[in-house]
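Next comes work.txt, with compact mmCIF, C-alpha atoms.
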# COMPACT_ATOMS: atom_id res chain seq x y z
CA GLY G 1 111.16 107.68 69.02
CA GLY G 2 110.51 105.20 71.91
CA ARG G 3 112.29 107.43 74.42
CA SER G 4 110.19 108.95 77.17
CA PRO G 5 111.20 111.47 79.85
CA PRO G 6 112.54 109.74 82.98
CA THR G 7 109.75 111.19 85.12
CA SER G 8 106.93 109.44 83.26
CA GLU G 9 108.30 105.94 83.69
CA PRO G 10 110.21 105.44 86.92
CA MET G 11 112.27 102.27 87.04
CA TYR G 12 110.98 101.52 90.51
CA GLU G 13 108.06 102.89 92.40
CA LEU G 14 108.23 104.15 95.95
CA PRO G 15 105.11 105.26 97.77
CA GLU G 16 106.95 108.22 99.34
CA PRO G 17 109.90 110.32 98.22
CA ALA G 18 113.00 108.16 98.47
CA ALA G 19 114.76 110.59 100.81
CA GLU G 20 111.94 110.34 103.32
CA VAL G 21 111.96 106.55 103.15
CA THR G 22 115.73 106.46 103.53
CA ALA G 23 115.57 108.72 106.57
CA ALA G 24 112.89 106.53 108.13
CA LEU G 25 114.86 103.36 107.37
CA ARG G 26 117.87 104.83 109.18
CA LYS G 27 115.82 104.96 112.37
CA LEU G 28 115.18 101.23 112.33
CA PRO G 29 117.42 98.77 114.14
CA ALA G 30 120.05 97.37 111.76
CA GLN G 31 118.50 93.91 111.40
CA GLN G 32 115.00 95.28 110.81
CA ARG G 33 116.35 97.70 108.22
CA ALA G 34 118.32 94.97 106.47
CA ALA G 35 115.30 92.66 106.39
CA VAL G 36 112.98 95.35 105.00
CA VAL G 37 115.44 96.57 102.38
CA LEU G 38 116.40 93.09 101.22
CA HIS G 39 112.84 91.84 101.07
CA TYR G 40 110.91 94.81 99.69
CA TYR G 41 113.58 96.62 97.70
CA ALA G 42 115.97 93.86 96.63
CA ASP G 43 113.14 91.31 96.35
CA ARG G 44 115.00 88.60 98.26
CA PRO G 45 113.08 85.63 99.74
CA ILE G 46 112.87 85.47 103.53
CA ARG G 47 114.88 82.24 103.55
CA GLU G 48 117.78 83.97 101.81
CA ILE G 49 117.63 87.01 104.11
CA ALA G 50 117.76 84.68 107.10
CA GLU G 51 120.96 83.14 105.75
CA LEU G 52 122.49 86.55 105.03
CA LEU G 53 121.67 87.83 108.51
CA GLY G 54 122.65 84.57 110.18
CA THR G 55 119.24 84.15 111.75
CA SER G 56 116.04 82.14 111.28
CA SER G 57 113.20 82.72 108.81
CA SER G 58 110.79 83.34 111.67
CA THR G 59 113.08 86.04 113.09
CA VAL G 60 113.28 87.70 109.67
CA ALA G 61 109.47 87.61 109.43
CA VAL G 62 109.27 89.40 112.80
CA HIS G 63 111.79 92.02 111.64
CA LEU G 64 109.74 92.60 108.48
CA HIS G 65 106.52 92.93 110.43
CA ARG G 66 107.98 95.35 113.00
CA GLY G 67 109.99 97.25 110.43
CA ARG G 68 106.95 97.81 108.22
CA ASN G 69 104.83 98.98 111.13
CA ARG G 70 107.57 101.35 112.26
CA LEU G 71 108.04 102.76 108.76
CA ARG G 72 104.30 103.31 108.45
CA ASP G 73 104.36 105.27 111.72
CA LEU G 74 107.42 107.27 110.70
CA LEU G 75 106.05 108.08 107.26
CA GLY G 76 102.55 108.86 108.50
CA ASP G 77 100.77 106.58 106.08
CA ASP G 78 97.06 106.78 106.91
CA ASP G 79 95.31 104.48 104.50
CA GLY G 80 93.34 102.74 107.20
Please lay out the structure from this file as structure tokens.
Amino acid sequence: GGRSPPTSEPMYELPEPAAEVTAALRKLPAQQRAAVVLHYYADRPIREIAELLGTSSSTVAVHLHRGRNRLRDLLGDDDG
């Protein structure tokens, strides 16, 4: 058969349980959250996110940077 249990091959990989990530994302400002979700989860280029949010690429880059740092703090990721 070619069919494997859903647990062995997740369709996407999240470093933490999705619920924890979702909860942390909710604590971010709307624009930061949108930028992080669109870039890291929907795989959208920064240029496209900037258009969607009606802002500049450099602003989106700042949102991504701050959003990622905030998520790391919220999720307690200590890999250095």
Atom-to-atom span, atom CA of Pro29 of chain G and atom CA of His63 of chain G, Å: 9.1 Å
Interatomic distance (Å, one decimal) between atom CA of Val21 of chain G and atom CA of Leu75 of chain G: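 Distance reported for this atom pair: 7.4 Å.
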Pro45 of chain G environment, 12 Å, all atoms listed in the file, sequence neighbours closer than 3 positions dropped, as a ChimeraX atom specification: /G:35-42,48-52,57,60-61,64
Between atom CA of Gly67 of chain G and atom CA of Thr22 of chain G, distance in Å (one decimal):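 Interatomic distance, atom CA of Gly67 of chain G to atom CA of Thr22 of chain G: 12.9 Å.
Minimum atom-to-atom distances from G:Gln32, G:Arg44, G:Pro17, G:Leu25 to Arg66 of chain G were compared using only C-alpha atoms, and the lowest value belongs to G:Gln32.
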Given all atoms listed in the file as the counted atoms, nearest of G:Ala34, G:Leu28, G:Leu74, G:Ala18 to Leu53 of chain G: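 Looking at the shortest contact to Leu53 of chain G, the residue is G:Ala34.
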Residue with smallest distance to Gly54 of chain G - pool G:Ala19, G:Ala24, G:Gln31, G:Arg72, counting only C-alpha atoms: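 Once distances to Gly54 of chain G are computed over only C-alpha atoms, the minimum belongs to G:Gln31.
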